[in-house]
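One file, my_file.cif, carrying mmCIF, C-alpha atoms and all ligand atoms:
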```
data_structure
#
loop_
_atom_site.label_atom_id
_atom_site.label_comp_id
_atom_site.auth_asym_id
_atom_site.auth_seq_id
_atom_site.Cartn_x
_atom_site.Cartn_y
_atom_site.Cartn_z
CA LEU A 165 25.41 153.84 29.70
CA LEU A 166 21.70 154.56 29.57
CA ASP A 167 19.82 157.44 28.06
CA LEU A 168 16.11 158.15 28.20
CA ASP A 169 14.36 158.29 24.84
CA ARG A 170 11.61 160.83 24.98
CA PHE A 171 8.84 159.90 22.69
CA LYS A 172 6.72 162.29 20.69
CA HIS A 173 3.68 162.03 22.85
CA VAL A 174 5.54 163.22 25.91
CA ASN A 175 3.96 166.61 26.11
CA ASP A 176 6.48 169.39 25.47
CA ASN A 177 4.94 171.81 27.92
CA PHE A 178 5.72 169.33 30.65
CA GLY A 179 8.48 171.79 31.35
CA HIS A 180 11.66 171.36 33.36
CA LEU A 181 9.91 170.39 36.55
CA ALA A 182 8.19 167.42 35.02
CA GLY A 183 11.33 166.51 33.13
CA ASP A 184 13.26 166.35 36.37
CA ALA A 185 10.57 164.34 38.11
CA LEU A 186 10.61 161.89 35.23
CA ILE A 187 14.38 161.51 35.36
CA GLN A 188 14.32 160.97 39.12
CA GLU A 189 11.68 158.31 38.76
CA PHE A 190 13.75 156.74 35.98
CA GLY A 191 16.75 156.69 38.32
CA SER A 192 14.88 155.05 41.14
CA ARG A 193 13.37 152.44 38.84
CA LEU A 194 16.91 151.63 37.71
CA ALA A 195 18.18 151.41 41.27
CA SER A 196 15.35 149.05 42.21
CA LEU A 197 16.60 146.55 39.63
CA LEU A 198 20.19 146.39 40.71
CA ARG A 199 21.91 144.21 43.24
CA ASP A 200 23.80 145.57 46.25
CA LYS A 201 27.19 145.31 44.61
CA ASP A 202 26.08 147.17 41.46
CA MET A 203 26.30 150.91 41.05
CA VAL A 204 24.15 153.52 39.36
CA ALA A 205 25.08 157.16 38.79
CA ARG A 206 23.39 160.02 37.01
CA LEU A 207 25.86 161.58 34.59
CA GLY A 208 23.81 164.63 33.81
CA GLY A 209 20.74 165.30 31.72
CA ASP A 210 18.89 162.05 31.37
CA GLU A 211 22.00 159.93 31.04
CA PHE A 212 22.91 157.30 33.61
CA ALA A 213 25.83 154.96 34.09
CA VAL A 214 25.31 151.53 35.56
CA LEU A 215 28.19 149.38 36.71
CA LEU A 216 27.43 145.69 36.94
CA ASP A 217 30.03 143.91 38.98
CA GLY A 218 31.05 140.29 38.53
CA VAL A 219 29.04 139.61 35.40
CA ARG A 220 30.06 136.25 33.95
CA ASN A 221 28.54 136.20 30.48
CA THR A 222 26.53 138.23 28.01
CA ALA A 223 23.40 136.22 28.77
CA GLU A 224 23.38 137.82 32.19
CA VAL A 225 23.79 141.28 30.68
CA ASP A 226 21.06 140.59 28.12
CA GLN A 227 18.73 139.68 30.92
CA ILE A 228 19.44 142.83 32.87
CA CYS A 229 19.07 145.06 29.80
CA GLU A 230 15.74 143.47 28.88
CA ARG A 231 14.57 143.87 32.44
CA ILE A 232 15.56 147.57 32.44
CA ARG A 233 13.65 148.17 29.22
CA GLU A 234 10.61 146.40 30.58
CA VAL A 235 10.56 148.49 33.73
CA VAL A 236 11.24 151.78 31.96
CA ASN A 237 8.60 151.11 29.32
CA ARG A 238 5.87 151.08 31.96
CA PRO A 239 4.07 154.43 31.89
CA PHE A 240 5.33 157.20 34.13
CA GLU A 241 2.91 159.28 36.15
CA VAL A 242 4.36 162.75 36.31
CA LEU A 243 2.49 165.75 37.66
CA GLY A 244 -0.83 164.26 36.69
CA ASN A 245 0.34 163.39 33.18
CA GLN A 246 1.19 160.00 31.75
CA ALA A 247 4.46 159.74 29.90
CA HIS A 248 5.76 156.83 27.85
CA VAL A 249 9.49 156.71 27.39
CA GLY A 250 12.08 154.27 26.18
CA VAL A 251 15.70 153.72 27.07
CA SER A 252 18.74 153.33 24.84
CA MET A 253 21.75 151.50 26.24
CA GLY A 254 25.37 151.11 25.27
CA VAL A 255 27.15 148.15 26.85
CA ILE A 256 30.85 147.58 27.27
CA LEU A 257 32.24 144.40 28.80
CA ALA A 258 35.56 144.78 30.50
CA PRO A 259 37.68 143.46 33.32
CA LEU A 260 37.71 146.33 35.78
CA SER A 261 41.33 146.07 36.81
CA GLY A 262 43.70 147.84 34.50
CA THR A 263 41.05 149.32 32.22
CA GLU A 264 41.09 153.05 31.79
CA ARG A 265 37.77 154.39 33.00
CA THR A 266 37.52 157.18 30.44
CA GLU A 267 38.17 154.62 27.72
CA LEU A 268 35.29 152.50 29.06
CA LEU A 269 32.96 155.47 29.06
CA ARG A 270 34.00 156.52 25.59
CA LYS A 271 33.27 153.06 24.20
CA ALA A 272 29.99 152.69 26.07
CA ASN A 273 29.02 156.08 24.69
CA ILE A 274 29.72 154.97 21.12
CA ALA A 275 27.57 151.86 21.66
CA LEU A 276 24.84 154.05 23.14
CA TYR A 277 24.78 156.24 20.05
CA VAL A 278 24.64 153.18 17.83
CA ALA A 279 21.62 152.02 19.86
CA LYS A 280 20.00 155.41 19.34
CA GLY A 281 20.82 155.38 15.67
CA GLU A 282 19.27 151.94 15.27
CA GLY A 283 15.88 152.99 16.42
CA ARG A 284 16.24 153.76 20.16
CA ASP A 285 14.77 151.87 23.07
CA CYS A 286 17.27 149.03 22.62
CA TYR A 287 20.77 148.08 23.75
CA ARG A 288 23.98 147.48 21.83
CA TYR A 289 27.34 146.02 22.83
CA PHE A 290 30.40 147.99 21.91
CA SER A 291 32.48 146.46 19.13
CA PRO A 292 35.76 147.62 17.55
CA ALA A 293 33.88 148.05 14.25
CA MET A 294 31.82 150.79 15.92
CA ASP A 295 35.03 152.59 16.77
CA ALA A 296 36.14 152.43 13.15
CA GLY A 297 32.70 153.74 12.14
CA VAL A 298 33.13 156.79 14.36
CA ARG A 299 36.56 157.50 12.90
CA PHE A 300 35.18 157.08 9.36
CA ARG A 301 32.35 159.53 10.05
CA GLY A 302 34.74 162.06 11.55
CA GLU A 303 36.97 161.93 8.49
CA ILE A 304 34.07 162.09 6.07
CA GLU A 305 32.62 165.07 7.88
CA GLU A 306 35.85 167.01 7.63
CA ASP A 307 36.41 166.13 3.99
CA LEU A 308 32.82 166.92 3.04
CA ARG A 309 33.13 170.35 4.68
CA HIS A 310 36.20 170.93 2.59
CA ALA A 311 34.53 169.69 -0.60
CA LEU A 312 31.60 172.05 -0.06
CA ALA A 313 33.81 175.01 0.79
CA THR A 314 36.01 174.53 -2.27
CA ASN A 315 33.33 173.11 -4.57
CA THR A 316 35.54 170.16 -5.51
CA GLY A 317 34.76 166.48 -5.88
CA LEU A 318 30.97 166.77 -5.68
CA ARG A 319 28.75 166.47 -8.71
CA LEU A 320 25.32 165.28 -9.75
CA ALA A 321 24.56 162.38 -12.05
CA TYR A 322 21.18 162.15 -13.73
CA GLN A 323 19.14 159.02 -14.36
CA PRO A 324 16.42 159.18 -17.03
CA LEU A 325 12.77 158.33 -16.41
CA VAL A 326 10.72 157.15 -19.38
CA ASN A 327 6.99 157.00 -20.05
CA GLU A 328 5.01 153.98 -21.30
CA GLN A 329 6.15 154.70 -24.85
CA GLY A 330 9.79 154.64 -23.78
CA ARG A 331 10.29 158.37 -24.26
CA VAL A 332 12.54 160.17 -21.77
CA ILE A 333 10.38 162.65 -19.84
CA GLY A 334 12.54 163.47 -16.87
CA VAL A 335 15.73 162.78 -14.92
CA GLU A 336 16.51 162.12 -11.27
CA ALA A 337 19.50 163.94 -9.79
CA LEU A 338 21.79 161.63 -7.81
CA LEU A 339 24.74 162.81 -5.75
CA ARG A 340 28.25 161.63 -6.59
CA TRP A 341 31.37 162.26 -4.55
CA GLU A 342 34.87 161.52 -5.72
CA HIS A 343 36.81 161.54 -2.47
CA PRO A 344 40.45 162.57 -2.90
CA GLN A 345 41.76 159.45 -1.10
CA ARG A 346 38.91 157.00 -0.84
CA GLY A 347 37.56 157.23 -4.38
CA ASN A 348 33.82 157.20 -4.95
CA ILE A 349 31.71 157.43 -1.81
CA SER A 350 28.11 156.42 -2.34
CA PRO A 351 25.31 158.75 -1.30
CA ALA A 352 23.95 155.94 0.87
CA GLN A 353 27.10 156.35 3.01
CA LEU A 354 27.44 160.08 2.67
CA ILE A 355 23.90 161.33 3.31
CA PRO A 356 23.59 159.80 6.82
CA VAL A 357 26.87 161.47 7.86
CA ALA A 358 25.66 164.77 6.41
CA GLU A 359 22.41 164.36 8.35
CA GLU A 360 24.17 163.66 11.65
CA THR A 361 26.55 166.58 11.31
CA GLY A 362 24.13 169.21 10.06
CA LEU A 363 25.99 169.39 6.75
CA ILE A 364 22.84 168.20 5.00
CA GLY A 365 21.68 171.85 5.07
CA PRO A 366 24.44 173.34 2.91
CA LEU A 367 24.84 170.10 0.93
CA GLY A 368 21.10 170.00 0.17
CA ASP A 369 21.18 173.61 -0.99
CA TRP A 370 24.13 172.85 -3.24
CA ILE A 371 22.33 169.83 -4.76
CA LEU A 372 19.14 171.80 -5.34
CA GLU A 373 20.99 174.70 -6.93
CA GLN A 374 22.98 172.45 -9.26
CA ALA A 375 19.86 170.56 -10.32
CA CYS A 376 17.84 173.75 -10.87
CA ARG A 377 20.58 175.26 -13.01
CA ALA A 378 20.86 172.06 -15.02
CA SER A 379 17.10 172.00 -15.55
CA LEU A 380 17.36 175.26 -17.52
CA GLU A 381 19.18 173.30 -20.22
CA TRP A 382 16.39 170.74 -20.54
CA PRO A 383 13.07 172.53 -21.04
CA ASP A 384 11.33 169.29 -22.05
CA LEU A 385 12.37 167.29 -19.00
CA PHE A 386 11.44 167.43 -15.35
CA VAL A 387 14.22 167.11 -12.80
CA ALA A 388 13.57 165.04 -9.67
CA ILE A 389 15.61 165.86 -6.57
CA ASN A 390 15.97 163.75 -3.41
CA PHE A 391 15.46 165.41 -0.05
CA SER A 392 16.29 163.92 3.31
CA PRO A 393 13.72 163.92 6.13
CA VAL A 394 16.18 166.00 8.14
CA GLN A 395 15.98 168.75 5.54
CA PHE A 396 12.21 168.63 5.61
CA ARG A 397 12.06 169.13 9.34
CA SER A 398 14.34 172.16 9.29
CA PRO A 399 12.56 175.49 9.79
CA HIS A 400 11.31 177.33 6.70
CA PHE A 401 12.19 174.39 4.48
CA ALA A 402 9.63 175.22 1.79
CA GLU A 403 10.70 178.89 1.63
CA ARG A 404 14.32 177.85 1.36
CA VAL A 405 13.57 175.52 -1.55
CA LEU A 406 11.38 178.05 -3.34
CA GLY A 407 14.03 180.73 -2.81
CA ILE A 408 16.66 178.63 -4.57
CA VAL A 409 14.33 177.53 -7.36
CA ASN A 410 13.42 181.16 -8.06
CA ALA A 411 16.97 182.46 -7.75
CA CYS A 412 18.07 179.97 -10.40
CA GLY A 413 15.19 180.97 -12.65
CA ALA A 414 14.01 177.36 -12.84
CA ASP A 415 10.44 176.52 -13.79
CA PRO A 416 8.78 175.15 -10.63
CA ALA A 417 6.58 172.91 -12.77
CA LYS A 418 9.73 171.14 -13.94
CA ILE A 419 11.00 170.39 -10.42
CA GLU A 420 9.96 167.27 -8.58
CA VAL A 421 10.63 166.75 -4.88
CA GLU A 422 11.34 163.14 -3.87
CA VAL A 423 10.70 162.27 -0.25
CA THR A 424 10.66 158.95 1.57
CA GLU A 425 8.07 157.76 4.02
CA GLY A 426 10.49 158.72 6.76
CA VAL A 427 9.39 162.29 6.18
CA LEU A 428 5.76 161.46 6.78
CA ILE A 429 6.14 159.20 9.79
CA ASP A 430 6.04 162.05 12.28
CA ASP A 431 2.66 163.23 11.10
CA ASP A 432 4.12 166.64 11.68
CA GLU A 433 2.06 169.70 10.79
CA ASN A 434 5.28 171.42 9.64
CA VAL A 435 5.95 168.67 7.14
CA ARG A 436 2.40 168.80 5.87
CA SER A 437 2.41 172.54 5.40
CA ALA A 438 5.83 172.39 3.69
CA LEU A 439 4.42 169.84 1.23
CA ARG A 440 1.35 172.01 0.67
CA ARG A 441 3.42 175.11 0.04
CA LEU A 442 5.73 173.38 -2.42
CA ARG A 443 2.78 172.00 -4.36
CA ALA A 444 0.99 175.35 -4.28
CA ALA A 445 4.10 176.88 -5.89
CA GLY A 446 3.80 174.35 -8.72
CA LEU A 447 6.41 171.75 -7.73
CA ARG A 448 5.46 168.08 -7.80
CA VAL A 449 6.00 165.74 -4.90
CA ALA A 450 6.89 162.05 -5.31
CA LEU A 451 6.88 159.48 -2.54
CA ASP A 452 10.12 157.50 -2.98
CA ASP A 453 10.88 153.88 -2.00
CA PHE A 454 7.17 153.27 -1.69
CA GLY A 455 6.23 150.07 0.13
CA THR A 456 9.30 149.77 2.33
CA GLY A 457 7.99 151.68 5.35
CA TYR A 458 5.06 151.15 7.66
CA SER A 459 1.37 151.41 6.84
CA SER A 460 2.24 153.16 3.62
CA LEU A 461 -1.26 153.31 2.27
CA SER A 462 -2.62 155.46 5.06
CA TYR A 463 -0.01 158.15 4.33
CA LEU A 464 -1.39 158.63 0.89
CA ARG A 465 -4.63 159.91 2.28
CA ARG A 466 -3.08 162.21 4.84
CA PHE A 467 -0.39 163.76 2.70
CA ASP A 468 -0.75 165.39 -0.65
CA VAL A 469 1.58 163.80 -3.17
CA ASP A 470 1.49 163.61 -6.96
CA LYS A 471 3.42 160.44 -7.56
CA ILE A 472 4.55 157.23 -5.95
CA LYS A 473 7.75 155.42 -6.84
CA ILE A 474 7.44 151.71 -6.12
CA ASP A 475 10.62 150.61 -4.37
CA ARG A 476 13.04 148.71 -6.53
CA SER A 477 13.07 145.69 -4.20
CA PHE A 478 9.55 144.79 -5.42
CA ILE A 479 10.61 145.07 -9.05
CA GLN A 480 13.75 143.01 -8.40
CA HIS A 481 11.76 140.19 -6.79
CA LEU A 482 9.34 139.93 -9.70
CA GLY A 483 9.34 136.34 -10.92
CA GLN A 484 10.95 135.13 -7.67
CA ALA A 485 8.63 136.17 -4.87
CA VAL A 486 5.01 135.51 -5.76
CA ASP A 487 3.64 138.39 -3.73
CA SER A 488 5.81 141.02 -5.47
CA ALA A 489 3.58 140.92 -8.55
CA ALA A 490 0.45 141.15 -6.41
CA ILE A 491 1.82 144.09 -4.42
CA ILE A 492 2.89 145.94 -7.56
CA THR A 493 -0.49 145.59 -9.26
CA ALA A 494 -2.30 146.55 -6.07
CA VAL A 495 -0.18 149.69 -5.66
CA ILE A 496 -0.72 150.68 -9.29
CA THR A 497 -4.49 150.17 -9.01
CA LEU A 498 -4.68 152.07 -5.75
CA GLY A 499 -2.41 154.87 -6.98
CA HIS A 500 -4.52 155.35 -10.09
CA ALA A 501 -7.72 155.31 -8.06
CA MET A 502 -6.28 158.21 -6.09
CA GLY A 503 -5.26 160.08 -9.23
CA LEU A 504 -1.54 159.55 -8.73
CA THR A 505 1.20 158.84 -11.24
CA VAL A 506 2.91 155.53 -10.53
CA THR A 507 6.60 155.04 -11.26
CA ALA A 508 8.66 151.86 -11.01
CA GLU A 509 12.35 152.20 -10.21
CA GLY A 510 15.14 149.66 -10.65
CA VAL A 511 13.86 148.14 -13.89
CA GLU A 512 16.63 145.91 -15.19
CA THR A 513 15.10 143.24 -17.43
CA ASP A 514 12.72 142.89 -20.33
CA GLU A 515 10.43 140.62 -18.25
CA GLN A 516 10.12 143.24 -15.54
CA LEU A 517 9.37 145.90 -18.15
CA GLN A 518 6.67 143.80 -19.84
CA PHE A 519 4.95 143.06 -16.55
CA LEU A 520 5.00 146.72 -15.48
CA LYS A 521 3.67 147.90 -18.83
CA GLU A 522 0.83 145.39 -18.71
CA SER A 523 0.01 146.48 -15.19
CA GLY A 524 -0.36 150.08 -16.34
CA CYS A 525 2.66 151.60 -14.64
CA ASN A 526 3.06 155.19 -15.91
CA GLU A 527 6.77 155.79 -15.64
CA LEU A 528 9.84 153.56 -15.58
CA GLN A 529 13.39 153.99 -14.44
CA GLY A 530 16.34 151.64 -14.16
CA PHE A 531 19.51 150.24 -15.67
CA TYR A 532 17.39 148.66 -18.44
CA PHE A 533 16.98 152.15 -19.87
CA SER A 534 20.03 153.91 -18.53
CA ALA A 535 22.32 154.14 -15.52
CA PRO A 536 22.77 157.62 -14.03
CA VAL A 537 24.80 159.69 -16.53
CA SER A 538 26.56 163.07 -16.61
CA ALA A 539 24.70 166.33 -17.28
CA THR A 540 26.39 166.55 -20.68
CA ALA A 541 25.09 163.12 -21.64
CA VAL A 542 21.55 164.20 -20.67
CA SER A 543 21.80 167.19 -22.98
CA THR A 544 22.68 164.89 -25.89
CA LEU A 545 19.80 162.64 -24.96
CA ALA A 546 17.37 165.55 -24.56
CA ALA A 547 18.22 166.78 -28.03
CA PHE A 548 16.33 163.82 -29.55
P1 LIG B 1 17.09 156.37 -4.51
O1 LIG B 1 16.54 157.75 -4.41
O2 LIG B 1 16.14 155.24 -4.39
O3 LIG B 1 17.89 156.32 -5.88
C1 LIG B 1 17.94 155.21 -6.72
C2 LIG B 1 19.23 154.43 -6.53
O4 LIG B 1 19.13 153.22 -7.25
C3 LIG B 1 20.43 155.16 -7.08
O5 LIG B 1 21.54 154.77 -6.28
C4 LIG B 1 20.55 154.56 -8.48
O6 LIG B 1 21.85 154.64 -9.03
C5 LIG B 1 20.16 153.13 -8.22
N1 LIG B 1 19.57 152.48 -9.39
C6 LIG B 1 18.95 153.07 -10.43
N2 LIG B 1 18.51 152.15 -11.31
C7 LIG B 1 18.84 150.93 -10.80
C8 LIG B 1 18.67 149.57 -11.26
O7 LIG B 1 18.10 149.30 -12.30
N3 LIG B 1 19.15 148.59 -10.44
C9 LIG B 1 19.80 148.86 -9.28
N4 LIG B 1 20.25 147.84 -8.55
N5 LIG B 1 19.98 150.13 -8.83
C10 LIG B 1 19.51 151.15 -9.58
P2 LIG B 1 22.54 155.84 -5.68
O8 LIG B 1 22.81 156.92 -6.65
O9 LIG B 1 23.70 155.09 -5.09
O10 LIG B 1 21.70 156.49 -4.49
C11 LIG B 1 21.35 155.75 -3.37
C12 LIG B 1 20.41 156.55 -2.49
O11 LIG B 1 21.08 157.67 -1.91
C13 LIG B 1 19.22 157.12 -3.23
O12 LIG B 1 18.22 156.15 -3.39
C14 LIG B 1 18.82 158.26 -2.33
O13 LIG B 1 18.03 157.79 -1.26
C15 LIG B 1 20.15 158.73 -1.79
N6 LIG B 1 20.57 159.90 -2.59
C16 LIG B 1 21.20 159.95 -3.78
N7 LIG B 1 21.40 161.22 -4.17
C17 LIG B 1 20.86 162.00 -3.20
C18 LIG B 1 20.73 163.42 -3.02
O14 LIG B 1 21.12 164.25 -3.87
N8 LIG B 1 20.12 163.85 -1.89
C19 LIG B 1 19.63 162.98 -0.94
N9 LIG B 1 19.02 163.47 0.16
N10 LIG B 1 19.72 161.65 -1.09
C20 LIG B 1 20.33 161.15 -2.20
CA CA B 2 17.70 161.58 25.99
CA CA B 3 14.94 158.81 -5.33
CA CA B 4 13.97 154.96 -4.55
#
```

Give the structure from the file, written as structure tokens.
Amino acid sequence: LLDLDRFKHVNDNFGHLAGDALIQEFGSRLASLLRDKDMVARLGGDEFAVLLDGVRNTAEVDQICERIREVVNRPFEVLGNQAHVGVSMGVILAPLSGTERTELLRKANIALYVAKGEGRDCYRYFSPAMDAGVRFRGEIEEDLRHALATNTGLRLAYQPLVNEQGRVIGVEALLRWEHPQRGNISPAQLIPVAEETGLIGPLGDWILEQACRASLEWPDLFVAINFSPVQFRSPHFAERVLGIVNACGADPAKIEVEVTEGVLIDDDENVRSALRRLRAAGLRVALDDFGTGYSSLSYLRRFDVDKIKIDRSFIQHLGQAVDSAAIITAVITLGHAMGLTVTAEGVETDEQLQFLKESGCNELQGFYFSAPVSATAVSTLAAF
């Protein structure tokens, strides 16, 4: 199964006409690659099915898939415009006799979505593990809906952030879900499902509201909240956030918005104006997992942020990978030169702490100081 990946720079006002011309051209490029005994069919939209007959091994399939990508990646001339597109492919290998066709399509479709999920413009072979993944996501979606509707099982944990003197100055809200059957489900598993299913909207609102309410109890601490790129791209994101902050009566100056580079990658004017509006209302913006994405440094100039959080992988490799220390000191120097606060996350050892202090890191967070704890435990801590 093949599906066109439209890239950003395919002009939107190409319109239907151009879209159709592009898809037709895509189809004929596909057909030109195939042998007489193969088959190609357009399934609708920009999705095609290709049947390769008598394939003997995966090497042959690999070759054909690579060839398809190569040919599709060449620029398209459509109505006087140039378009660059990619193609995602899901592959299923099967003996044709005795295999249910709908079952083949279903599996190829799963593999296609995995290919899309893993960055597009690539191909993936179906595996039974993918099938289990789909079932898992379906179950999680249903149970998360229920948890949100009944307000059961979900809660926030809070992990302290300390300044150079070791004083707690803020906490980061982290989602916890006690699933009725599966036990604790980590946010790293849960958030992607919520993003795919649109549940990130209501879930994100719930998280923000909980964190804002909790912040009222801790006037001396800021509360940092994680937002997914999907939330950021939703319409009126900034207004929605400010609406909740105000409704809870939280002090905007005590709320910090954590975003990852994924938010900034699009270079989207909507994202930029959302960031501007949040900062204008007094909230702070921190760039999370800093250093793990692409060309991170250039984002700092284009987007207004207050803080960078150096990704914990750099801190963890201190003392093992030589360049970790160099990267950390460079980021701190650069951050300070740009007037930003620099935080290190994932601090676990005394050695890491000493190095970060000497390098002038402003804020620290990690198991060395405290794991994420309950809201009640924060109140005890904030009393000192
Ligand atoms: P993150 O924002 O980078 O959060 C830090 C993660 O590192 C947390 O994992 C935290 O428990 C863990 N951690 C903290 N200190 C240490 C340490 O010293 N060593 C090690 N090895 N780990 C440490 P957690 O809570 O499982 O969250 C994982 C990720 O899930 C978060 O990464 C964040 O991207 C996402 N997430 C968590 N809560 C939310 C939320 O409310 N909304 C959204 N959109 N994403 C969330
Ligand atoms: Ca498509
Ligand atoms: Ca974070
Ligand atoms: Ca992080």

Around ligand LIG 1 (chain B), with edges along x, y and z and 6 Å added on all six sides, what centre and edge lengths do you get, in Å to one decimal, as JSON?
```
{"center_x": 19.9, "center_y": 156.0, "center_z": -6.1, "size_x": 19.6, "size_y": 28.4, "size_z": 24.5}
```

Take CA of Glu211 in chain A and CA of Ser252 in chain A and report the distance between them in Å, one decimal. 9.6 Å

d(CA of Ile256 in chain A, CA of Ile274 in chain A) in Å: 9.7 Å

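Those residues that approach Asp200 in chain A to within 12 Å, counting all atoms listed in the file, are Ala195, Ser196, Leu197, Met203, Val204, Leu215, Leu216, Asp217 and Gly218 of chain A; same-chain residues fewer than 3 positions away are not listed.
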
Using 7 Å as the limit and counting all atoms listed in the file, can you tabulate each residue of chain A that touches ligand CA 2 (chain B), with its shortest atom-to-atom distance in Å and the two atoms involved, as a Markdown table?
```
| residue | atom | partner | partner_atom | distance |
| --- | --- | --- | --- | --- |
| A:Asp167 | CA | B:CA2 | CA | 5.1 |
| A:Leu168 | CA | B:CA2 | CA | 4.4 |
| A:Asp169 | CA | B:CA2 | CA | 4.8 |
| A:Arg170 | CA | B:CA2 | CA | 6.2 |
| A:Asp210 | CA | B:CA2 | CA | 5.5 |
| A:Glu211 | CA | B:CA2 | CA | 6.8 |
```

Only C-alpha atoms, please: the residues just picked out, written as a PDB file, in the frame of the given file.
```
ATOM      1  CA  ASP A 167      19.820 157.440  28.060  1.00  0.00           C
ATOM      2  CA  LEU A 168      16.110 158.150  28.200  1.00  0.00           C
ATOM      3  CA  ASP A 169      14.360 158.290  24.840  1.00  0.00           C
ATOM      4  CA  ARG A 170      11.610 160.830  24.980  1.00  0.00           C
ATOM      5  CA  ASP A 210      18.890 162.050  31.370  1.00  0.00           C
ATOM      6  CA  GLU A 211      22.000 159.930  31.040  1.00  0.00           C
TER       7      GLU A 211
END
```

Taking only C-alpha atoms into account, name the residue in A:Arg193, A:Arg443, A:Arg436, A:His481 that is nearest to Leu464 in chain A.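 That would be A:Arg436, the residue with the smallest distance to Leu464 in chain A.
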
How would you write, as a PDB file with C-alpha atoms, in the frame of the given file, the set of residues no farther than 7 Å from ligand CA 4 (chain B) when counting only C-alpha atoms and all ligand atoms?
```pdb
ATOM      1  CA  ASP A 452      10.120 157.500  -2.980  1.00  0.00           C
ATOM      2  CA  ASP A 453      10.880 153.880  -2.000  1.00  0.00           C
ATOM      3  CA  LYS A 473       7.750 155.420  -6.840  1.00  0.00           C
ATOM      4  CA  ASP A 475      10.620 150.610  -4.370  1.00  0.00           C
ATOM      5  CA  ARG A 476      13.040 148.710  -6.530  1.00  0.00           C
ATOM      6  CA  GLU A 509      12.350 152.200 -10.210  1.00  0.00           C
TER       7      GLU A 509
END
```

Just want the residues within 9 Å of ligand LIG 1 (chain B), written as a CSV table (one decimal) with C-alpha atoms, in the frame of the given file, counting only C-alpha atoms and all ligand atoms.
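The result, stored in result_39.csv:
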```csv
chain,number,residue,atom,x,y,z
A,320,LEU,CA,25.3,165.3,-9.8
A,321,ALA,CA,24.6,162.4,-12.0
A,322,TYR,CA,21.2,162.2,-13.7
A,323,GLN,CA,19.1,159.0,-14.4
A,336,GLU,CA,16.5,162.1,-11.3
A,337,ALA,CA,19.5,163.9,-9.8
A,338,LEU,CA,21.8,161.6,-7.8
A,339,LEU,CA,24.7,162.8,-5.8
A,340,ARG,CA,28.2,161.6,-6.6
A,349,ILE,CA,31.7,157.4,-1.8
A,350,SER,CA,28.1,156.4,-2.3
A,351,PRO,CA,25.3,158.8,-1.3
A,352,ALA,CA,24.0,155.9,0.9
A,353,GLN,CA,27.1,156.4,3.0
A,354,LEU,CA,27.4,160.1,2.7
A,355,ILE,CA,23.9,161.3,3.3
A,356,PRO,CA,23.6,159.8,6.8
A,359,GLU,CA,22.4,164.4,8.4
A,364,ILE,CA,22.8,168.2,5.0
A,367,LEU,CA,24.8,170.1,0.9
A,368,GLY,CA,21.1,170.0,0.2
A,371,ILE,CA,22.3,169.8,-4.8
A,372,LEU,CA,19.1,171.8,-5.3
A,389,ILE,CA,15.6,165.9,-6.6
A,390,ASN,CA,16.0,163.8,-3.4
A,391,PHE,CA,15.5,165.4,0.0
A,392,SER,CA,16.3,163.9,3.3
A,393,PRO,CA,13.7,163.9,6.1
A,394,VAL,CA,16.2,166.0,8.1
A,395,GLN,CA,16.0,168.8,5.5
A,422,GLU,CA,11.3,163.1,-3.9
A,423,VAL,CA,10.7,162.3,-0.2
A,424,THR,CA,10.7,159.0,1.6
A,452,ASP,CA,10.1,157.5,-3.0
A,453,ASP,CA,10.9,153.9,-2.0
A,473,LYS,CA,7.8,155.4,-6.8
A,475,ASP,CA,10.6,150.6,-4.4
A,476,ARG,CA,13.0,148.7,-6.5
A,477,SER,CA,13.1,145.7,-4.2
A,480,GLN,CA,13.8,143.0,-8.4
A,509,GLU,CA,12.4,152.2,-10.2
A,510,GLY,CA,15.1,149.7,-10.6
A,511,VAL,CA,13.9,148.1,-13.9
A,512,GLU,CA,16.6,145.9,-15.2
A,513,THR,CA,15.1,143.2,-17.4
A,529,GLN,CA,13.4,154.0,-14.4
A,530,GLY,CA,16.3,151.6,-14.2
A,531,PHE,CA,19.5,150.2,-15.7
A,532,TYR,CA,17.4,148.7,-18.4
A,533,PHE,CA,17.0,152.2,-19.9
A,534,SER,CA,20.0,153.9,-18.5
A,535,ALA,CA,22.3,154.1,-15.5
A,536,PRO,CA,22.8,157.6,-14.0
```

Distance of CA of Gly191 in chain A from CA of Glu241 in chain A, expressed in Å to one decimal place: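 These atoms are spaced 14.2 Å apart.
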
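With only C-alpha atoms as the atoms that count, the residue of A:Thr540, A:Gln345, A:Asn327, A:Thr361 with the shortest distance to Glu305 in chain A is A:Thr361.
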
Nearby residues (only C-alpha atoms) at most 12 Å from Ala539 in chain A, same-chain spacing under 2 positions excluded, as a list in words: Arg319, Leu320, Ala321, Tyr322, Gln323, Pro324, Val335, Glu336, Ala337, Leu338, Gln374, Ala375, Cys376, Arg377, Ala378, Ser379, Leu380, Glu381, Trp382, Val387, Pro536, Val537, Ala541, Val542, Ser543, Thr544, Leu545 and Ala546 of chain A

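Nearest to Phe454 in chain A of all the residues A:Asp514, A:Glu420, A:Asp184, A:Glu425 is A:Glu425, based on only C-alpha atoms.
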